[in-house]
Every structure is written in C-alpha cells, then in structure tokens.
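> Here you go, this is protein_4.txt (compact mmCIF, C-alpha atoms).
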# COMPACT_ATOMS: atom_id res chain seq x y z
CA MET A 72 -10.44 -29.11 -13.83
CA ARG A 73 -11.00 -27.44 -17.20
CA ALA A 74 -7.87 -26.38 -19.03
CA TYR A 75 -6.55 -22.85 -19.15
CA THR A 76 -5.26 -21.30 -22.39
CA LEU A 77 -1.82 -19.74 -22.43
CA ILE A 78 -1.10 -17.32 -25.29
CA SER A 79 2.65 -16.91 -25.62
CA ALA A 80 5.51 -15.77 -27.84
CA PRO A 81 9.11 -17.03 -28.16
CA ASP A 82 12.07 -15.55 -26.31
CA THR A 83 9.88 -13.87 -23.70
CA PRO A 84 10.95 -14.46 -20.10
CA ALA A 85 7.47 -13.84 -18.70
CA CYS A 86 6.01 -16.53 -21.00
CA HIS A 87 8.66 -18.99 -19.89
CA LYS A 88 7.94 -18.16 -16.24
CA VAL A 89 4.19 -18.66 -16.53
CA ARG A 90 4.62 -21.94 -18.43
CA SER A 91 6.97 -23.25 -15.77
CA TYR A 92 4.63 -22.17 -12.98
CA LEU A 93 1.64 -23.91 -14.58
CA ARG A 94 3.60 -27.13 -15.01
CA TRP A 95 4.83 -27.21 -11.44
CA ARG A 96 1.38 -26.40 -10.10
CA ASN A 97 -0.07 -29.27 -12.19
CA VAL A 98 -2.51 -26.83 -13.82
CA PRO A 99 -3.93 -28.24 -17.10
CA PHE A 100 -3.41 -25.80 -19.95
CA ILE A 101 -3.18 -25.61 -23.71
CA GLU A 102 -0.70 -23.24 -25.33
CA LYS A 103 -1.48 -21.03 -28.30
CA SER A 104 1.07 -19.04 -30.28
CA ALA A 105 0.53 -15.30 -30.38
CA THR A 106 0.00 -15.00 -34.13
CA SER A 107 -1.14 -11.69 -35.58
CA LEU A 108 -4.69 -13.13 -35.81
CA VAL A 109 -4.68 -14.29 -32.18
CA LEU A 110 -3.33 -10.93 -31.06
CA ARG A 111 -6.12 -9.06 -32.85
CA SER A 112 -8.97 -11.44 -31.94
CA GLU A 113 -8.11 -12.62 -28.42
CA VAL A 114 -5.49 -10.43 -26.81
CA ARG A 115 -6.32 -6.88 -27.84
CA PRO A 116 -10.07 -7.15 -27.00
CA ARG A 117 -9.17 -8.14 -23.46
CA LEU A 118 -6.17 -5.96 -22.73
CA ARG A 119 -6.86 -3.05 -25.12
CA ARG A 120 -3.26 -3.52 -26.16
CA ILE A 121 -0.88 -6.22 -27.33
CA ASP A 122 0.88 -8.11 -24.59
CA VAL A 123 1.93 -11.63 -23.69
CA PRO A 124 1.75 -13.85 -21.83
CA LEU A 125 -2.02 -13.95 -21.45
CA LEU A 126 -3.60 -16.76 -19.46
CA VAL A 127 -7.33 -17.27 -20.02
CA ALA A 128 -9.48 -19.43 -17.74
CA ALA A 129 -12.53 -21.42 -18.81
CA ASP A 130 -14.78 -18.76 -17.25
CA GLN A 131 -12.91 -16.12 -19.36
CA ARG A 132 -11.03 -14.54 -16.49
CA ALA A 133 -7.60 -13.56 -17.73
CA TRP A 134 -4.22 -12.50 -16.36
CA SER A 135 -1.33 -10.78 -18.13
CA ASP A 136 1.08 -10.25 -15.23
CA SER A 137 2.79 -13.30 -13.80
CA ARG A 138 2.63 -11.97 -10.24
CA ASP A 139 -1.16 -11.41 -10.44
CA LEU A 140 -1.51 -14.83 -12.01
CA VAL A 141 0.40 -16.57 -9.23
CA ASP A 142 -1.59 -14.73 -6.56
CA ALA A 143 -4.86 -15.86 -8.14
CA LEU A 144 -3.97 -19.46 -8.87
CA ASP A 145 -2.04 -20.16 -5.69
CA GLY A 146 -5.15 -19.17 -3.78
CA SER A 147 -7.68 -21.12 -5.88
CA VAL A 148 -6.09 -24.11 -7.60
CA PRO A 149 -5.76 -27.32 -5.56
CA GLY A 150 -2.26 -28.41 -4.72
CA THR A 151 0.84 -26.96 -3.14
CA PRO A 152 1.33 -23.21 -3.75
CA LEU A 153 4.66 -22.07 -5.14
CA ARG A 154 4.97 -19.31 -2.59
CA PRO A 155 6.50 -20.53 0.67
CA SER A 156 4.26 -20.93 3.66
CA ASP A 157 6.50 -19.36 6.30
CA ASP A 158 6.96 -15.61 6.66
CA ALA A 159 10.73 -15.39 6.30
CA SER A 160 10.93 -17.53 3.14
CA ASP A 161 7.95 -15.73 1.61
CA ILE A 162 9.60 -12.34 2.08
CA GLU A 163 12.90 -13.61 0.74
CA THR A 164 11.17 -15.23 -2.26
CA MET A 165 9.39 -11.96 -3.08
CA ILE A 166 12.71 -10.12 -3.07
CA VAL A 167 14.44 -12.66 -5.31
CA GLU A 168 11.45 -12.98 -7.68
CA SER A 169 11.20 -9.18 -8.05
CA TRP A 170 14.93 -8.88 -8.68
CA LEU A 171 14.91 -11.63 -11.31
CA ASP A 172 11.80 -10.27 -13.08
CA GLN A 173 12.72 -6.58 -13.02
CA ILE A 174 16.52 -6.47 -13.13
CA ILE A 175 17.93 -9.71 -14.49
CA ALA A 176 15.27 -10.71 -17.07
CA PRO A 177 15.52 -7.38 -18.97
CA ALA A 178 19.31 -7.71 -19.05
CA ALA A 179 18.95 -11.24 -20.45
CA GLY A 180 16.51 -10.03 -23.10
CA PHE A 181 18.82 -7.18 -24.06
CA MET A 182 21.76 -9.54 -24.38
CA LEU A 183 19.75 -11.83 -26.68
CA TRP A 184 18.40 -9.03 -28.87
CA THR A 185 21.72 -7.25 -29.06
CA GLY A 186 23.89 -10.24 -29.95
CA ASP A 187 21.36 -12.45 -31.75
CA ALA A 188 18.71 -10.01 -33.00
CA GLU A 189 18.54 -11.53 -36.49
CA THR A 190 17.81 -15.03 -35.19
CA ALA A 191 15.45 -13.82 -32.46
CA SER A 192 13.48 -11.62 -34.88
CA ALA A 193 13.21 -14.54 -37.32
CA ARG A 194 11.71 -16.75 -34.58
CA LEU A 195 9.28 -14.07 -33.47
CA THR A 196 8.22 -13.26 -37.05
CA LEU A 197 7.68 -16.93 -37.90
CA SER A 198 5.52 -17.30 -34.79
CA ALA A 199 3.48 -14.15 -35.47
CA TRP A 200 3.05 -14.54 -39.27
CA PRO A 201 3.35 -18.27 -40.07
CA GLU A 202 1.35 -17.78 -43.29
CA ARG A 203 3.72 -15.23 -44.83
CA SER A 204 6.20 -16.11 -47.58
CA GLY A 205 9.94 -16.19 -46.97
CA SER A 206 10.83 -12.83 -48.54
CA GLU A 207 7.91 -11.03 -46.92
CA ARG A 208 8.74 -12.61 -43.58
CA GLU A 209 12.33 -11.40 -43.87
CA ARG A 210 11.09 -7.85 -44.43
CA LEU A 211 8.83 -8.09 -41.39
CA ALA A 212 11.70 -9.53 -39.35
CA ARG A 213 13.89 -6.50 -40.13
CA MET A 214 11.12 -4.17 -39.00
CA VAL A 215 10.52 -6.16 -35.82
CA ARG A 216 14.22 -6.25 -35.03
CA GLN A 217 14.64 -2.49 -35.30
CA ARG A 218 11.53 -1.72 -33.27
CA ILE A 219 12.50 -4.01 -30.45
CA LEU A 220 16.01 -2.58 -30.30
CA ASP A 221 14.43 0.88 -30.24
CA ARG A 222 12.29 -0.19 -27.29
CA PHE A 223 15.33 -1.29 -25.38
CA THR A 224 16.91 2.10 -26.10
CA ASN A 225 13.81 3.87 -24.81
CA LEU A 226 14.10 1.86 -21.62
CA GLY A 227 17.65 3.02 -21.06
CA PHE A 228 19.63 0.12 -22.51
CA GLN A 229 22.57 1.03 -24.73
CA PRO A 230 24.96 -1.27 -26.66
CA ASP A 231 27.97 0.08 -24.80
CA GLN A 232 26.42 -1.17 -21.56
CA LEU A 233 26.46 -4.79 -22.74
CA PRO A 234 29.76 -5.75 -21.06
CA GLY A 235 28.50 -4.43 -17.74
CA LEU A 236 25.18 -6.24 -18.14
CA GLU A 237 27.01 -9.46 -18.99
CA THR A 238 28.99 -9.08 -15.77
CA GLN A 239 25.78 -8.45 -13.84
CA LEU A 240 24.21 -11.57 -15.37
CA ARG A 241 27.26 -13.69 -14.63
CA ASN A 242 27.37 -12.50 -11.03
CA ALA A 243 23.69 -13.34 -10.59
CA LEU A 244 24.14 -16.82 -12.04
CA VAL A 245 27.21 -17.48 -9.89
CA GLN A 246 25.24 -16.54 -6.78
CA ALA A 247 22.45 -18.94 -7.79
CA ASP A 248 24.93 -21.68 -8.67
CA THR A 249 26.63 -21.44 -5.27
CA LEU A 250 23.29 -22.05 -3.57
CA LEU A 251 22.11 -24.74 -6.00
CA ARG A 252 25.22 -26.80 -5.37
CA GLU A 253 23.93 -27.28 -1.83
CA THR A 254 20.16 -27.54 -2.25
CA ASP A 255 17.76 -28.81 -4.93
CA TYR A 256 15.89 -25.53 -5.43
CA LEU A 257 16.36 -21.93 -4.35
CA PHE A 258 14.18 -22.18 -1.26
CA GLY A 259 14.23 -25.82 -0.30
CA GLY A 260 13.07 -29.21 -1.57
CA SER A 261 10.67 -28.03 -4.29
CA PRO A 262 10.43 -25.02 -6.65
CA THR A 263 9.01 -21.64 -5.76
CA VAL A 264 7.98 -18.79 -8.05
CA ALA A 265 11.57 -17.54 -7.75
CA ASP A 266 12.78 -20.77 -9.36
CA CYS A 267 10.26 -20.22 -12.19
CA SER A 268 11.63 -16.69 -12.72
CA LEU A 269 15.24 -17.92 -12.83
CA PHE A 270 14.35 -20.81 -15.16
CA ALA A 271 12.66 -18.32 -17.52
CA ILE A 272 15.87 -16.29 -17.66
CA MET A 273 17.95 -19.37 -18.39
CA LEU A 274 15.62 -20.38 -21.25
CA THR A 275 15.94 -16.88 -22.71
CA LEU A 276 19.72 -16.86 -22.40
CA ARG A 277 19.95 -20.32 -23.93
CA GLU A 278 19.04 -18.79 -27.31
CA SER A 279 21.90 -16.33 -27.01
CA ALA A 280 25.37 -16.84 -28.50
CA GLY A 281 26.86 -15.81 -25.17
CA TYR A 282 25.08 -18.53 -23.19
CA GLY A 283 28.12 -20.76 -22.89
CA ALA A 284 30.38 -18.01 -21.61
CA LEU A 285 27.81 -16.98 -19.01
CA THR A 286 27.07 -20.44 -17.70
CA GLY A 287 30.44 -22.17 -18.01
CA LYS A 288 31.43 -24.28 -14.99
CA LEU A 289 28.15 -23.55 -13.20
CA ASP A 290 27.39 -27.20 -12.57
CA GLY A 291 24.90 -26.61 -9.77
CA LEU A 292 22.86 -24.36 -12.01
CA ALA A 293 23.01 -26.90 -14.85
CA ALA A 294 21.76 -29.75 -12.64
CA TRP A 295 18.98 -27.50 -11.31
CA GLN A 296 17.89 -26.71 -14.89
CA ASP A 297 17.52 -30.43 -15.55
CA ARG A 298 15.35 -30.76 -12.46
CA MET A 299 13.22 -27.77 -13.44
CA ALA A 300 12.72 -29.12 -16.98
CA GLY A 301 12.20 -32.75 -15.97
CA PRO A 302 8.96 -34.70 -15.69
CA ILE A 303 6.69 -33.81 -12.82
CA GLY A 304 4.92 -36.55 -10.90
CA PRO A 305 1.60 -36.33 -9.05
CA HIS A 306 3.29 -36.33 -5.64
CA ARG A 307 4.96 -33.14 -4.56
CA VAL A 308 7.24 -32.25 -1.70
CA THR A 309 5.69 -29.60 0.51
CA THR A 310 7.46 -26.28 0.11
CA THR A 311 8.93 -25.42 3.48
CA ARG A 312 11.88 -23.43 4.66
CA SER A 313 15.03 -25.47 4.21
CA GLU A 314 17.73 -25.28 6.83
CA LYS A 315 20.22 -26.44 4.23
CA ALA A 316 22.63 -23.91 2.75
CA PRO A 317 21.45 -20.95 4.89
CA ALA A 318 24.61 -18.93 4.22
CA ALA A 319 24.45 -19.31 0.43
CA ARG A 320 20.73 -18.51 0.43
CA ALA A 321 21.23 -15.44 2.59
CA LYS A 322 23.96 -14.23 0.23
CA LEU A 323 21.68 -14.65 -2.82
CA VAL A 324 18.78 -12.82 -1.14
CA HIS A 325 21.08 -10.03 -0.04
CA HIS A 326 22.52 -9.70 -3.56
CA ALA A 327 18.96 -9.50 -4.94
CA ALA A 328 17.91 -6.89 -2.39
CA THR A 329 20.99 -4.77 -3.04
CA GLU A 330 20.23 -4.59 -6.78
CA PHE A 331 16.41 -4.31 -6.64
CA ILE A 332 15.39 -2.31 -3.56
CA PRO A 333 17.20 0.98 -4.43
CA VAL A 334 15.76 0.88 -7.97
CA ALA A 335 12.28 0.22 -6.60
CA ILE A 336 12.54 3.13 -4.15
CA GLN A 337 13.65 5.46 -6.96
CA ALA A 338 10.69 4.21 -9.04
CA SER A 339 8.31 4.97 -6.17
CA MET A 340 9.71 8.51 -6.01
CA ALA A 341 9.36 8.81 -9.82
CA VAL A 342 5.70 7.77 -9.54
CA ALA A 343 5.01 10.57 -7.04
CA LYS A 344 6.83 13.13 -9.20
CA TRP A 345 4.93 12.01 -12.33
CA ALA A 346 1.64 12.32 -10.43
CA ASP A 347 2.53 15.87 -9.39
CA ASP A 348 3.35 16.76 -13.01
CA HIS A 349 0.20 15.08 -14.45
CA PRO A 350 -2.65 15.88 -12.03
CA GLY A 351 -5.84 13.91 -12.54
CA GLN A 352 -4.25 11.32 -14.84
CA PRO A 353 -4.51 7.83 -13.35
CA VAL A 354 -2.82 5.71 -16.04
CA LEU A 355 0.91 5.55 -15.60
CA PRO A 356 3.39 5.45 -18.51
CA ASN A 357 5.38 2.32 -19.30
CA SER A 358 8.52 3.91 -17.91
CA PHE A 359 9.89 7.11 -16.45
CA GLN A 360 12.71 8.57 -18.53
CA ASP A 361 13.97 10.99 -15.88
CA ASN A 362 15.81 8.31 -13.96
CA PRO A 363 17.32 9.98 -10.88
CA GLU A 364 20.41 7.85 -11.39
CA PRO A 365 22.10 9.06 -14.62
CA ALA A 366 24.45 6.11 -14.70
CA ALA A 367 21.66 3.56 -14.41
CA SER A 368 21.36 1.06 -17.24
CA ARG A 369 17.57 1.06 -17.33
CA ALA A 370 14.61 3.38 -17.02
CA LEU A 371 12.42 3.17 -13.95
CA ARG A 372 9.06 1.45 -14.35
CA PRO A 373 5.77 1.51 -12.42
CA ALA A 374 6.12 -2.25 -11.86
CA ASP A 375 9.22 -1.59 -9.76
CA ALA A 376 7.25 0.63 -7.39
CA TRP A 377 4.28 -1.76 -7.37
CA LEU A 378 6.45 -4.68 -6.36
CA LEU A 379 8.05 -2.67 -3.58
CA GLU A 380 4.60 -1.86 -2.22
CA ARG A 381 3.70 -5.57 -2.34
CA LEU A 382 6.81 -6.36 -0.37
CA SER A 383 6.25 -3.68 2.26
CA GLN A 384 2.60 -4.74 2.61
CA ARG A 385 3.73 -8.32 3.14
CA ILE A 386 6.12 -7.19 5.84
CA ARG A 387 3.44 -5.18 7.63
CA ARG A 388 0.97 -8.07 7.40
CA THR A 389 3.50 -10.23 9.15
CA GLU A 390 3.84 -7.68 11.90
CA ARG A 391 0.07 -7.48 12.53
CA GLY A 392 -0.06 -10.56 14.70
CA ARG A 393 2.03 -13.10 12.80
CA GLN A 394 5.47 -11.71 13.36
CA THR A 395 8.06 -14.41 13.67
CA ASP A 396 11.63 -14.22 14.86
CA GLU A 397 12.81 -15.57 11.49
CA ALA A 398 11.03 -12.79 9.56
CA ASP A 399 12.42 -10.20 11.97
CA ASN A 400 15.92 -11.59 11.64
CA THR A 401 15.62 -11.63 7.84
CA LEU A 402 14.81 -7.90 7.71
CA ASP A 403 17.60 -7.08 10.13
CA ARG A 404 20.14 -9.13 8.21
CA LEU A 405 19.18 -7.46 4.90
CA ASN A 406 19.16 -3.98 6.46
CA LEU A 407 15.54 -3.60 5.39
CA THR A 408 13.95 -2.87 8.74
CA ALA A 409 13.08 0.64 7.46
CA LEU A 410 10.67 -0.96 4.98
CA ARG A 411 8.35 -1.61 7.89
CA ASN A 412 7.59 2.12 7.72
CA PHE A 413 7.51 2.39 3.92
CA LYS A 414 4.23 3.98 2.84
CA PRO A 415 4.58 5.66 -0.59
CA ARG A 416 2.97 9.04 -1.14
CA ARG A 417 1.33 7.79 -4.36
CA ARG A 418 0.41 4.11 -4.52
CA VAL A 419 0.50 2.03 -7.70
CA GLU A 420 -2.28 -0.46 -8.41
CA ARG A 421 -2.94 -3.05 -11.09
CA ARG A 422 -6.32 -2.24 -12.70
CA ASN A 423 -7.67 -3.37 -16.07
CA TYR A 424 -4.36 -5.06 -16.85
CA ARG A 425 -2.37 -1.86 -16.44
CA PHE A 426 -0.65 0.18 -13.77
CA GLU A 427 -2.68 3.07 -12.41
CA LEU A 428 -2.38 5.55 -9.58
CA ASP A 429 -4.46 5.32 -6.49
CA MET A 430 -5.87 8.86 -6.76
CA VAL A 431 -5.80 9.35 -2.99
CA GLU A 432 -2.62 11.17 -2.07
CA ARG A 433 -1.19 10.08 1.24
CA ARG A 434 1.08 12.85 2.41
CA GLU A 435 0.40 12.25 6.06
CA GLY A 436 2.21 9.17 7.19
CA SER A 437 4.05 8.79 3.88
CA VAL A 438 7.57 7.55 3.91
CA PRO A 439 9.89 10.26 5.22
CA ASP A 440 13.00 11.19 3.31
CA THR A 441 15.00 9.91 6.24
CA VAL A 442 13.59 6.41 5.79
CA ILE A 443 14.38 6.48 2.06
CA ARG A 444 17.91 7.61 2.79
CA GLN A 445 18.31 4.98 5.46
CA VAL A 446 17.36 2.14 3.13
CA LEU A 447 19.47 3.44 0.26
CA GLN A 448 22.48 4.08 2.47
CA THR A 449 22.35 0.73 4.22
CA MET A 450 21.86 -1.16 0.94
CA ASP A 451 24.80 0.72 -0.58
CA LYS A 452 26.95 0.14 2.42
CA VAL A 453 26.40 -3.56 2.66
CA GLY A 454 26.32 -4.22 -1.07
CA GLN A 455 29.09 -1.41 -2.15
CA ASP A 456 3.41 -2.05 -27.33
CA ALA A 457 0.09 0.96 -34.42
CA ALA A 458 1.44 -1.05 -36.84
CA ALA A 459 1.28 -4.83 -36.93
CA THR A 460 4.99 -4.97 -36.38
CA GLY A 461 4.54 -2.64 -33.46
CA ASP A 462 1.99 -5.05 -32.01
CA VAL A 463 4.46 -7.89 -32.17
CA VAL A 464 7.23 -5.79 -30.66
CA ASN A 465 5.04 -5.15 -27.63
CA MET A 466 5.00 -8.86 -26.88
CA VAL A 467 8.67 -8.77 -25.98
CA ASP A 468 8.55 -6.87 -22.72
CA PRO A 469 12.05 -5.83 -21.74
Could I get this structure in the form of structure tokens?


Amino acid sequence: MRAYTLISAPDTPACHKVRSYLRWRNVPFIEKSATSLVLRSEVRPRLRRIDVPLLVAADQRAWSDSRDLVDALDGSVPGTPLRPSDDASDIETMIVESWLDQIIAPAAGFMLWTGDAETASARLTLSAWPERSGSERERLARMVRQRILDRFTNLGFQPDQLPGLETQLRNALVQADTLLRETDYLFGGSPTVADCSLFAIMLTLRESAGYGALTGKLDGLAAWQDRMAGPIGPHRVTTTRSEKAPAARAKLVHHAATEFIPVAIQASMAVAKWADDHPGQPVLPNSFQDNPEPAASRALRPADAWLLERLSQRIRRTERGRQTDEADNTLDRLNLTALRNFKPRRRVERRNYRFELDMVERREGSVPDTVIRQVLQTMDKVGQDAAATGDVVNMVDP
C-alpha cells in the first residue's frame, strides 16, 4: 500500500485525531508540517482555503474532515474498521464522537489558547515559518495569537466563560475515566473513532497549564492514554460490542447526547433560517451568530446539523431491515426515539470540502415542531480561515 501524506499543524485536535486513526488502522503515512509554503502550494489549491488536517492519497484524492476521512478509509483500507460493526455500538459511537469533536474539542482549544496563548502561538509560528528569524517570528506570533483569540470570540467563546468550560471539560473527563476504569477502550477491547477523538482532546489539553488540574486522580483515563499512545502490533482485536461496564458506558453516551443533540437540533433550525434569509446561496457560513440560546457558550455551526443528519440517517438505515433490539433499546434509553422521524427542512451536505445546502427544500415530511420539542424536552429532563497570518489562524479550527 502506497503511503498517504498528512499535512498537519500543532495544537489542533482534528490533526491529532486523524494521526491516531491512521496509526490504529495501520495505514502507512508520512507527515508534513503545514508551513506557509505548504499551505500555499498544496493546501489552498485543493481546498480553495487554508485548513488542516489534509490527508492526500497517492492517487491525489484528499480529505479535510476527519469524519469523511474515516468513512472513506474504513470502507477501502484492509483491516479492522474503527467504527463498530453492530448497530447499537455504531449509533452510540457516532453520538460520542460528535460530542467530542463539536462540543469538547473546541472547549479544550479555547482553554489552551486562553491560558497559554503565548506558548501555543510560538509553536504554531515556528511550524508555519521555520525560516524566519527570532524577532520576526515573535512579531508574527503576536499577530497569530490575536487573530486566533478573535476567532474564538466570533464563535461565541468569551474569557468569562472559562470557569464553566473547565467544569464542562472536567465532567466529560470524569465520565470517560469512570468507564475506562472498567474497560480498555470506550467501546470494548480495541479503539474506535470515539477513542481517537478523545485522545486528540487529551493531547491538546496536555499543552495547557491547566492540564494537571483537569486530569488529577483520573487513573483510568491516564492508563487508557498510555494504551492509545503505545506501540501497535500487526494483530488486532476485532471491535465488537463489549458487555463489560454497560452502566458506565450508557452514562457516558447519555452525557454526550444531552450536550450535543440539543445544539445540533438548534443548528439544523439555524440552517433552515439562514436558507430562508439567503435564497439561492448554497455555501453555508462557518457559523451562525444568531444562536437561539443566548446563554450558549458557542455559536452554532453547519457541522453540528450535518452530524445530526448523519446520525438520523444511520438510525433510519437500521430500521430498514436491520433493526435490532439493542439499537431500539439504545434509542429508548437515550430518549432519542423521536430522531427516527427527524428529517430537516434544509439538508446540509459536504461538497468540495465545504458545507453546502441541498437546494431542494423538503417542507413536506420535514421534522414537525412537536418532534423537535419532544427531543429537546426529553434531553433536558433526563440530563437537567487574507493575510499570511490569517491563513495560519484558519488551521486552528475551534
């Protein structure tokens, strides 16, 4: 198998996730730093923008989103896929992966860039402009730091929210630790994509001054990190549903659903509203500033709605002839049975490495307000990228 090329930048959860996935899938790859030259010559011509990670195959196919990448490689690369084979675990893994990628990873990035922005900007600047002198690099680092902090602000993150985000991070890590004290990986005897997402967050947090306070006494999580980082042999354990630690796993999945699903539903509603306000425009913005939840700590993003559609499609695919009692019980336990009927009025698709609207409006059969209310109420009840510096900033996707 010819090697893939991974273009990456430091302190970027998505880069850490893709690297971990490639290692555990035994995919041969070479890694290339996203220098300013590489960004201009290899990334921008493909994506028409600056973004990392970017994985390029020998035949020049490329992927910039980790979820698209996993879908493609799990279905084409020999070996054991990192998505579980059974319906219930696959649905649960999608929920946890989406939660980690969309809710927890941005919080981890914000914590790093708020508390350790000087160090993080120095690492990113050294990676992007290795040929620059010390004084010039320091000037670039100051510009990068301010632009990245501005991006976080544009996405709804404010410094006064940091204590709450730290609590959210700690709660997430405690939930994972409780499970990982009883089982080797989140969904059984070998890693899944959800493990890769969590490992990426831990690698990002490790560069933060608050890492010790967040991870203190979480011995199960620490041992799991050693397993995730350790050498990988040629023989793999088949990923199957583990009957070990069912209560702890159910609690983690429920915690993930409670934090992600309401945000994703609000994002789907924001997509439809944006489409009404911008008729004929297929390309969606990076985020929607009119978050229907004023107290929310982040702006809504098209990716949130896209991931919800993926989840609901997976649920419906299960019901078309492969419905299992376990999958049914999982939806009932999470109070997500209403997602069986979730059909957004305006669908989000990944095209040309960006999020676009499906221009066909589906009013008939779209999700009724009652279904939206049902999901939100039940979840609440149970859970109570210009300048060169601008190019570099776009690599750190909060």

> Between CA of Arg73 (chain A) and CA of Arg94 (chain A), measure the distance and give it in Å to one decimal.

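Separation between CA of Arg73 (chain A) and CA of Arg94 (chain A): 14.8 Å.
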
> In Å, with one decimal, what is the gap from CA of Ser135 (chain A) to CA of Arg425 (chain A)?

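Going from CA of Ser135 (chain A) over to CA of Arg425 (chain A), I get 9.1 Å.
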
> Which of these residues is nearest to Val431 (chain A), using only C-alpha atoms: A:Ala346, A:Cys267, A:Ile175, A:Leu382?

A:Ala346

> Check the smallest atom-to-atom distance from each of A:Val264, A:Met214, A:Ile121, A:Leu250 to Asp145 (chain A) using only C-alpha atoms, then report the winner.

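Looking only at the distances to Asp145 (chain A), the closest residue turns out to be A:Val264.
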
> Find the residues of region 255-307 of chain A that sit at most 12 Å from region 179-184 of chain A; for each, write down the nearest two atoms and how far apart they are in Å, to one decimal. Count all atoms listed in the file. Sort by chain, then by number going up, and give it as CSV.


residue,atom,partner,partner_atom,distance
A:Ser268,CA,A:Ala179,CA,12.0
A:Leu269,CA,A:Ala179,CA,10.8
A:Phe270,CA,A:Ala179,CA,11.9
A:Ala271,CA,A:Ala179,CA,9.9
A:Ile272,CA,A:Ala179,CA,6.5
A:Met273,CA,A:Ala179,CA,8.4
A:Leu274,CA,A:Ala179,CA,9.8
A:Thr275,CA,A:Ala179,CA,6.8
A:Leu276,CA,A:Ala179,CA,6.0
A:Arg277,CA,A:Leu183,CA,8.9
A:Glu278,CA,A:Leu183,CA,7.0
A:Ser279,CA,A:Leu183,CA,5.0
A:Ala280,CA,A:Leu183,CA,7.7
A:Gly281,CA,A:Met182,CA,8.1
A:Tyr282,CA,A:Leu183,CA,9.2
A:Leu285,CA,A:Ala179,CA,10.7

> From the list A:Ser79, A:Gln173, A:Thr164, A:Ser107, which residue is nearest Val123 (chain A) when using all atoms listed in the file?

A:Ser79

> Between CA of Thr151 (chain A) and CA of Ser383 (chain A), what distance in Å does the model show, to one decimal?

24.5 Å

> Counting all atoms listed in the file, what is within 10 Å of Gln352 (chain A), bar same-chain residues fewer than 4 positions away, as an mmCIF file with C-alpha atoms, in the frame of the given file?


data_model
loop_
_atom_site.group_PDB
_atom_site.id
_atom_site.type_symbol
_atom_site.label_atom_id
_atom_site.label_comp_id
_atom_site.auth_asym_id
_atom_site.auth_seq_id
_atom_site.Cartn_x
_atom_site.Cartn_y
_atom_site.Cartn_z
ATOM 1 C CA TRP A 345 4.930 12.010 -12.330
ATOM 2 C CA ALA A 346 1.640 12.320 -10.430
ATOM 3 C CA ASP A 347 2.530 15.870 -9.390
ATOM 4 C CA ASP A 348 3.350 16.760 -13.010
ATOM 5 C CA GLU A 427 -2.680 3.070 -12.410
ATOM 6 C CA LEU A 428 -2.380 5.550 -9.580
ATOM 7 C CA MET A 430 -5.870 8.860 -6.760
#

> Let me make sure I understand: among A:Ala284, A:Ala176, A:Ala188, A:Leu93, which one has the smallest atom-to-atom distance to Leu144 (chain A) if we use only C-alpha atoms?

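Ranked by minimum distance to Leu144 (chain A), first place goes to A:Leu93.
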
> Excluding Ala129 (chain A) and its own-chain neighbours fewer than 6 positions away, which residues fall within 10 Å of it when counting all atoms listed in the file? Please give them as number ranges by chain.

A: 72-76

> In file coordinates, which residues lie within 12 Å of (-6.3, -16.2, -9.5) using only C-alpha atoms, given as a VMD selection string?

chain A and resid 75 126 to 128 130 to 149 152

> Pick from A:Met340, A:Ala370, A:Ala335, A:Ala300: nearest to Pro177 (chain A), with all atoms listed in the file counted?

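The shortest atom-to-atom distance to Pro177 (chain A) comes from A:Ala370.
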
> Tell me which of A:Ser112, A:Thr238, A:Ser104, A:Thr401 sits closest to Ala199 (chain A), counting only C-alpha atoms.

A:Ser104
